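K.L.:
So that you have it, the file is entry-v8.txt, and it contains compact mmCIF, C-alpha atoms:
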# COMPACT_ATOMS: atom_id res chain seq x y z
CA MET A 1 93.02 99.13 76.30
CA LEU A 2 92.08 96.73 73.56
CA GLY A 3 91.11 94.05 76.05
CA LYS A 4 88.88 96.43 77.95
CA LYS A 5 87.02 97.39 74.79
CA ARG A 6 86.33 93.78 74.01
CA ARG A 7 84.91 93.11 77.44
CA PHE A 8 82.25 95.80 77.01
CA ARG A 9 81.25 94.88 73.51
CA GLY A 10 77.77 93.46 72.91
CA GLY A 11 76.38 92.23 76.21
CA GLU A 12 72.80 91.95 75.00
CA ILE A 13 70.58 89.03 73.98
CA PRO A 14 69.24 89.62 70.48
CA THR A 15 65.49 90.14 70.75
CA SER A 16 64.74 90.75 67.10
CA SER A 17 64.14 87.04 66.47
CA MET A 18 61.91 86.58 69.49
CA ALA A 19 58.78 87.27 67.46
CA ASP A 20 59.80 84.58 64.98
CA ILE A 21 60.40 82.04 67.74
CA ALA A 22 57.04 82.87 69.28
CA PHE A 23 55.43 82.51 65.85
CA LEU A 24 56.91 79.07 65.42
CA LEU A 25 55.67 77.93 68.80
CA LEU A 26 52.28 79.46 68.05
CA ILE A 27 52.02 77.53 64.79
CA PHE A 28 52.99 74.31 66.57
CA PHE A 29 50.26 74.70 69.16
CA LEU A 30 47.74 75.82 66.56
CA VAL A 31 48.36 72.64 64.62
CA THR A 32 48.26 70.31 67.61
CA THR A 33 45.12 71.81 69.19
CA THR A 34 41.86 70.11 68.46
CA ILE A 35 38.99 72.36 69.37
CA ASP A 36 36.18 69.93 68.50
CA MET A 37 34.53 68.75 71.67
CA ASP A 38 33.07 65.35 72.34
CA LYS A 39 29.32 65.19 72.31
CA GLY A 40 26.99 62.69 73.82
CA LEU A 41 24.13 61.93 76.15
CA GLY A 42 24.88 62.96 79.71
CA MET A 43 24.01 60.66 82.57
CA VAL A 44 24.73 60.71 86.27
CA LEU A 45 24.95 57.30 87.85
CA PRO A 46 23.72 56.76 91.40
CA ALA A 47 26.41 56.31 94.03
CA GLU A 48 27.18 52.83 95.23
CA GLY A 49 24.88 51.75 98.01
CA GLU A 50 22.50 54.63 97.51
CA GLU A 51 19.42 52.61 96.73
CA ILE A 52 16.21 54.31 97.69
CA GLU A 53 12.80 52.80 97.99
CA ILE A 54 10.29 54.13 95.55
CA ASN A 55 6.58 53.67 95.71
CA LYS A 56 5.51 51.11 93.13
CA LYS A 57 2.93 53.50 91.74
CA ASN A 58 5.69 55.90 90.74
CA ILE A 59 7.74 53.40 88.81
CA LEU A 60 7.38 52.98 85.08
CA ASN A 61 9.28 49.99 83.81
CA CYS A 62 10.85 50.28 80.41
CA LEU A 63 12.20 46.98 79.17
CA ILE A 64 14.31 46.43 76.10
CA ASN A 65 14.60 42.94 74.69
CA SER A 66 17.38 41.42 72.64
CA SER A 67 15.72 42.25 69.33
CA GLY A 68 15.31 45.90 70.26
CA ASN A 69 11.61 45.92 71.10
CA VAL A 70 10.48 48.12 73.95
CA LEU A 71 7.93 47.29 76.58
CA LEU A 72 6.73 50.31 78.51
CA GLY A 73 4.81 49.51 81.67
CA GLY A 74 3.58 46.24 80.18
CA ASP A 75 2.59 47.55 76.76
CA PRO A 76 4.79 47.22 73.69
CA VAL A 77 5.61 50.61 72.15
CA GLU A 78 7.53 51.79 69.14
CA VAL A 79 10.82 53.47 70.06
CA ARG A 80 9.81 56.49 67.98
CA ASP A 81 6.64 57.00 70.01
CA LEU A 82 8.35 56.49 73.34
CA SER A 83 8.97 60.16 74.09
CA ARG A 84 5.33 61.07 73.45
CA THR A 85 4.01 58.27 75.64
CA VAL A 86 6.45 59.04 78.43
CA ARG A 87 5.62 62.74 78.30
CA GLN A 88 1.94 61.91 78.76
CA LYS A 89 2.70 59.63 81.67
CA ILE A 90 4.88 62.26 83.33
CA ALA A 91 2.10 64.81 82.88
CA GLU A 92 -0.20 62.43 84.75
CA ASN A 93 2.29 61.74 87.53
CA ASP A 94 5.21 64.12 88.01
CA LYS A 95 6.92 61.84 90.52
CA LEU A 96 7.29 59.15 87.92
CA VAL A 97 10.61 57.32 87.82
CA ILE A 98 11.40 55.49 84.62
CA SER A 99 13.35 52.34 85.20
CA VAL A 100 15.20 51.28 82.08
CA LYS A 101 16.16 47.66 81.96
CA ALA A 102 17.89 46.25 78.94
CA HIS A 103 18.38 42.59 78.16
CA LYS A 104 21.96 41.37 78.32
CA ALA A 105 22.02 40.59 74.64
CA SER A 106 20.27 43.77 73.52
CA SER A 107 22.36 46.19 71.52
CA TYR A 108 23.76 49.45 72.84
CA LYS A 109 22.17 51.29 69.93
CA ASP A 110 18.65 50.43 71.12
CA TYR A 111 19.53 51.48 74.63
CA ILE A 112 20.86 54.84 73.42
CA GLN A 113 17.69 55.36 71.39
CA VAL A 114 15.57 54.74 74.48
CA ILE A 115 17.69 57.10 76.61
CA ASP A 116 17.50 59.70 73.85
CA GLN A 117 13.72 59.37 73.70
CA LEU A 118 13.49 59.76 77.46
CA LYS A 119 15.66 62.87 77.27
CA GLN A 120 13.37 64.25 74.58
CA ALA A 121 10.44 63.66 76.90
CA ASN A 122 12.32 65.71 79.55
CA ALA A 123 12.33 62.74 81.89
CA THR A 124 14.85 63.65 84.55
CA ARG A 125 14.17 60.74 86.85
CA VAL A 126 15.64 57.82 85.01
CA SER A 127 17.03 54.79 86.70
CA ILE A 128 19.09 52.14 84.99
CA ALA A 129 18.51 48.66 86.21
CA GLU A 130 21.28 46.11 85.88
CA SER A 131 20.93 43.85 82.89
CA ASN A 132 20.63 40.20 83.61
CA MET B 1 53.85 121.61 47.09
CA LYS B 2 52.10 122.13 50.39
CA ILE B 3 49.45 119.62 49.49
CA ASN B 4 52.13 117.11 48.58
CA ARG B 5 53.73 117.33 51.99
CA LYS B 6 50.47 116.49 53.73
CA THR B 7 50.07 113.27 51.78
CA GLN B 8 53.51 112.14 52.86
CA LEU B 9 52.25 111.45 56.38
CA GLU B 10 53.52 108.20 57.85
CA SER B 11 50.92 105.48 57.62
CA GLU B 12 52.50 102.36 59.09
CA ILE B 13 50.94 99.74 61.29
CA PRO B 14 52.73 99.72 64.65
CA THR B 15 54.58 96.44 64.97
CA ALA B 16 56.17 97.01 68.34
CA SER B 17 53.40 95.19 70.22
CA MET B 18 53.21 92.30 67.77
CA PRO B 19 55.36 89.92 69.86
CA ASP B 20 53.08 90.54 72.82
CA ILE B 21 50.00 89.72 70.80
CA ILE B 22 51.63 86.58 69.48
CA PHE B 23 52.67 85.57 72.97
CA MET B 24 49.11 86.00 74.18
CA LEU B 25 47.84 83.72 71.41
CA LEU B 26 50.64 81.30 72.13
CA ILE B 27 49.72 81.10 75.80
CA PHE B 28 46.06 80.55 74.90
CA PHE B 29 46.87 77.63 72.62
CA MET B 30 49.38 76.18 75.07
CA VAL B 31 46.76 76.17 77.80
CA THR B 32 44.00 74.69 75.66
CA THR B 33 46.13 71.96 74.07
CA VAL B 34 45.90 68.49 75.49
CA LEU B 35 48.79 66.58 74.02
CA ARG B 36 47.98 63.05 74.98
CA GLU B 37 45.51 61.55 72.56
CA TYR B 38 44.59 57.91 72.34
CA SER B 39 43.61 56.11 69.23
CA GLY B 40 41.07 53.86 70.98
CA LEU B 41 39.22 51.12 69.17
CA PRO B 42 37.49 51.21 65.80
CA ILE B 43 33.85 51.87 66.60
CA SER B 44 30.78 53.33 64.97
CA LEU B 45 29.02 55.52 67.49
CA PRO B 46 25.25 55.43 67.92
CA LYS B 47 23.16 58.42 66.92
CA ALA B 48 21.09 60.57 69.27
CA LYS B 49 19.26 63.89 69.19
CA ARG B 50 19.43 65.31 72.69
CA ILE B 51 23.18 65.52 72.93
CA GLU B 52 25.26 67.69 75.18
CA LYS B 53 28.76 68.93 74.75
CA LEU B 54 31.41 67.80 77.15
CA LYS B 55 32.67 70.81 79.02
CA SER B 56 36.36 70.20 79.26
CA LYS B 57 38.69 67.82 77.53
CA ARG B 58 41.04 67.97 80.47
CA HIS B 59 38.52 66.41 82.83
CA THR B 60 37.34 63.78 80.39
CA SER B 61 38.47 60.21 80.28
CA HIS B 62 37.38 57.83 77.57
CA ILE B 63 36.39 54.19 77.68
CA TRP B 64 36.19 52.47 74.34
CA VAL B 65 33.94 49.46 73.95
CA SER B 66 34.06 47.64 70.63
CA LYS B 67 31.38 45.42 69.17
CA GLU B 68 33.52 42.37 69.92
CA GLY B 69 33.37 43.21 73.61
CA LEU B 70 36.85 44.69 74.02
CA VAL B 71 37.24 47.43 76.61
CA SER B 72 40.04 49.93 76.13
CA ILE B 73 41.18 52.77 78.37
CA GLU B 74 44.18 54.81 77.29
CA ASP B 75 45.03 52.23 74.65
CA LYS B 76 45.25 49.41 77.13
CA LEU B 77 42.78 46.56 77.04
CA TYR B 78 40.93 45.68 80.20
CA LYS B 79 38.31 43.27 81.31
CA ALA B 80 35.11 44.81 82.60
CA GLU B 81 36.25 44.14 86.19
CA GLY B 82 39.51 46.01 85.58
CA VAL B 83 37.74 49.28 84.85
CA ARG B 84 37.13 49.91 88.53
CA HIS B 85 40.80 50.27 89.54
CA VAL B 86 41.75 52.51 86.64
CA MET B 87 38.75 54.74 87.05
CA TYR B 88 39.09 54.91 90.81
CA GLU B 89 42.61 56.27 90.49
CA LYS B 90 41.51 58.77 87.90
CA ARG B 91 38.60 59.84 90.06
CA VAL B 92 40.87 60.40 93.06
CA SER B 93 43.27 62.55 91.07
CA ASP B 94 40.48 64.53 89.39
CA PRO B 95 37.19 65.01 91.26
CA GLN B 96 35.64 66.69 88.22
CA LEU B 97 36.12 63.60 86.11
CA VAL B 98 33.59 62.88 83.40
CA VAL B 99 33.73 59.47 81.81
CA SER B 100 32.96 59.42 78.13
CA LEU B 101 31.78 56.01 77.05
CA LYS B 102 32.60 55.46 73.41
CA ALA B 103 30.78 52.25 72.74
CA ASP B 104 29.98 50.71 69.39
CA GLU B 105 26.29 50.70 68.56
CA ARG B 106 26.41 46.91 68.21
CA ALA B 107 27.98 46.39 71.63
CA LYS B 108 26.00 44.19 73.98
CA MET B 109 24.19 45.77 76.89
CA GLY B 110 25.46 43.11 79.28
CA LEU B 111 28.96 44.53 78.99
CA VAL B 112 27.80 48.14 79.15
CA SER B 113 25.83 47.28 82.26
CA ASP B 114 28.96 45.73 83.81
CA ILE B 115 30.84 48.95 83.08
CA HIS B 116 28.03 50.92 84.75
CA THR B 117 28.45 48.79 87.84
CA GLU B 118 32.24 49.21 87.81
CA LEU B 119 31.95 52.98 87.42
CA ARG B 120 29.56 53.13 90.32
CA LYS B 121 32.00 51.17 92.44
CA ALA B 122 34.82 53.48 91.36
CA ASP B 123 32.63 56.49 92.28
CA ALA B 124 33.03 57.89 88.77
CA LEU B 125 29.39 58.84 88.42
CA LYS B 126 29.39 61.46 85.70
CA LEU B 127 28.95 59.54 82.52
CA ASN B 128 28.51 60.62 78.94
CA TYR B 129 27.38 58.25 76.22
CA SER B 130 29.36 59.48 73.27
CA SER B 131 27.15 59.71 70.21
CA LYS B 132 26.76 61.38 66.88
CA THR B 133 24.11 63.92 66.05
CA ALA B 134 21.06 62.33 64.52
CA VAL B 135 19.47 64.09 61.58
CA ASP B 136 15.82 63.48 60.85
So that I can check it, write out the structure of this file as structure tokens.

P.N.:
Amino acid sequence: MLGKKRRFRGGEIPTSSMADIAFLLLIFFLVTTTIDMDKGLGMVLPAEGEEIEINKKNILNCLINSSGNVLLGGDPVEVRDLSRTVRQKIAENDKLVISVKAHKASSYKDYIQVIDQLKQANATRVSIAESN
Amino acid sequence: MKINRKTQLESEIPTASMPDIIFMLLIFFMVTTVLREYSGLPISLPKAKRIEKLKSKRHTSHIWVSKEGLVSIEDKLYKAEGVRHVMYEKRVSDPQLVVSLKADERAKMGLVSDIHTELRKADALKLNYSSKTAVD
């Protein structure tokens, strides 16, 4: 009889501590999660071998030299005024493609400033020429 | 006495569903957590105004470019030509891949341009130039 009693005693998993275990796991994941997202300028590169011919009239060359000066369609412009100038040019010709070409030794900062200015001018057609 | 009895009503917060609530939160944080983080290279990011947020950390892969011209992906150093193979494999395993380029503002455009070319060859076309928010 005694043996039988023992066999039936306490066949349950204790669930009272489950909440505590879940809390611990929750705290672990809360601590390890980083919610802050990366921010930056979005850009979609053209696929390899997808070169298209564009009418020369619709191309606006934007050159950046090694000291960070910008030449827009043959005229030197201040980086700060770039968005205004580009907006005017787009208003004149909505098919305009801006071709950004940076010198090999130019700094990334100047390039980002130019891209940022073009984004501010709502220029969607931007092409990046290879630096050489 | 009658009034007294009324005030003795039970006023406890039900705790029976607490584990469920905690489990829900737990699942949320488990799903949103990305455990692998890379330290990258020491860089100072350029500043820009028109910045966008990257949608998902899960589909983002970083390329660090330091001012000395070092290229690092997942804490391994590569040459510019090596980027193609790494990124191609990543692109195959995740079609929604967005490449976040964390380049130092003093990095040379020649190298960045080489990375552009490599990314194009690897078919990883969605690029994001990581930058800080510029304040006027």

K.L.:
Give me, please, the distance in Å between atom CA of Pro42 of chain B and atom CA of Val65 of chain B, quoted to one decimal.

P.N.:
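So the answer is 9.1 Å.
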
K.L.:
Would you mind listing, as a ChimeraX atom specification, all residues of chain A that have at least one atom within 9 Å of chain B, where all atoms listed in the file are what counts?

P.N.:
/A:18-20,22-23,25-27,29-30,32-35,37-48,102-113,115-117,119-120,128-132

K.L.:
Between atom CA of Val71 of chain B and atom CA of Ser127 of chain A, what distance in Å does the model show, to one decimal?

P.N.:
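Separation between atom CA of Val71 of chain B and atom CA of Ser127 of chain A: 23.8 Å.
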
K.L.:
I'd like the interatomic distance between atom CA of Ser67 of chain A and atom CA of Tyr78 of chain B, to a tenth of an Å.

P.N.:
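Computing it gives 27.7 Å between the two atoms.
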
K.L.:
Skip Thr124 of chain A itself and residues of its chain fewer than 2 positions away, then list as a list in words all residues within 10 Å of it, counting all atoms listed in the file.

P.N.:
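Surrounding residues, per the criterion: Met43, Leu96, Val97, Ile98, Leu118, Lys119, Ala121, Asn122, Val126 and Ser127 of chain A.
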
K.L.:
Centre and edge lengths, as JSON, for the axis-aligned box enclosing every listed atom of segment 39-44 of chain B with 6 Å of padding on each of the six sides, in Å to one decimal?

P.N.:
{"center_x": 37.2, "center_y": 53.6, "center_z": 68.0, "size_x": 24.8, "size_y": 17.0, "size_z": 18.0}

K.L.:
Can you work out which one of A:Ile21, A:Gly49, A:Thr15, A:Thr85 has the shortest atom-to-atom distance to Leu72 of chain A, counting only C-alpha atoms?

P.N.:
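Between A:Ile21, A:Gly49, A:Thr15, A:Thr85, the residue approaching Leu72 of chain A most closely is A:Thr85.
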
K.L.:
Using all atoms listed in the file, determine which residues lie at most 7 Å from Gly40 of chain B, disregarding the query and same-chain residues fewer than 3 positions distant; provide the list as number ranges by chain.

P.N.:
B: 64, 72, 75

K.L.:
I'd like the neighbourhood of Ala80 of chain B as a PDB file with C-alpha atoms, in the frame of the given file, where a residue qualifies if any of its atoms comes within 6 Å (using all atoms listed in the file), though same-chain residues fewer than 2 positions away should be ignored.

P.N.:
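Once everything was written out, this is selection.pdb:
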ATOM      1  CA  GLY B  82      39.510  46.010  85.580  1.00  0.00           C
ATOM      2  CA  VAL B  83      37.740  49.280  84.850  1.00  0.00           C
ATOM      3  CA  ILE B 115      30.840  48.950  83.080  1.00  0.00           C
TER       4      ILE B 115
END
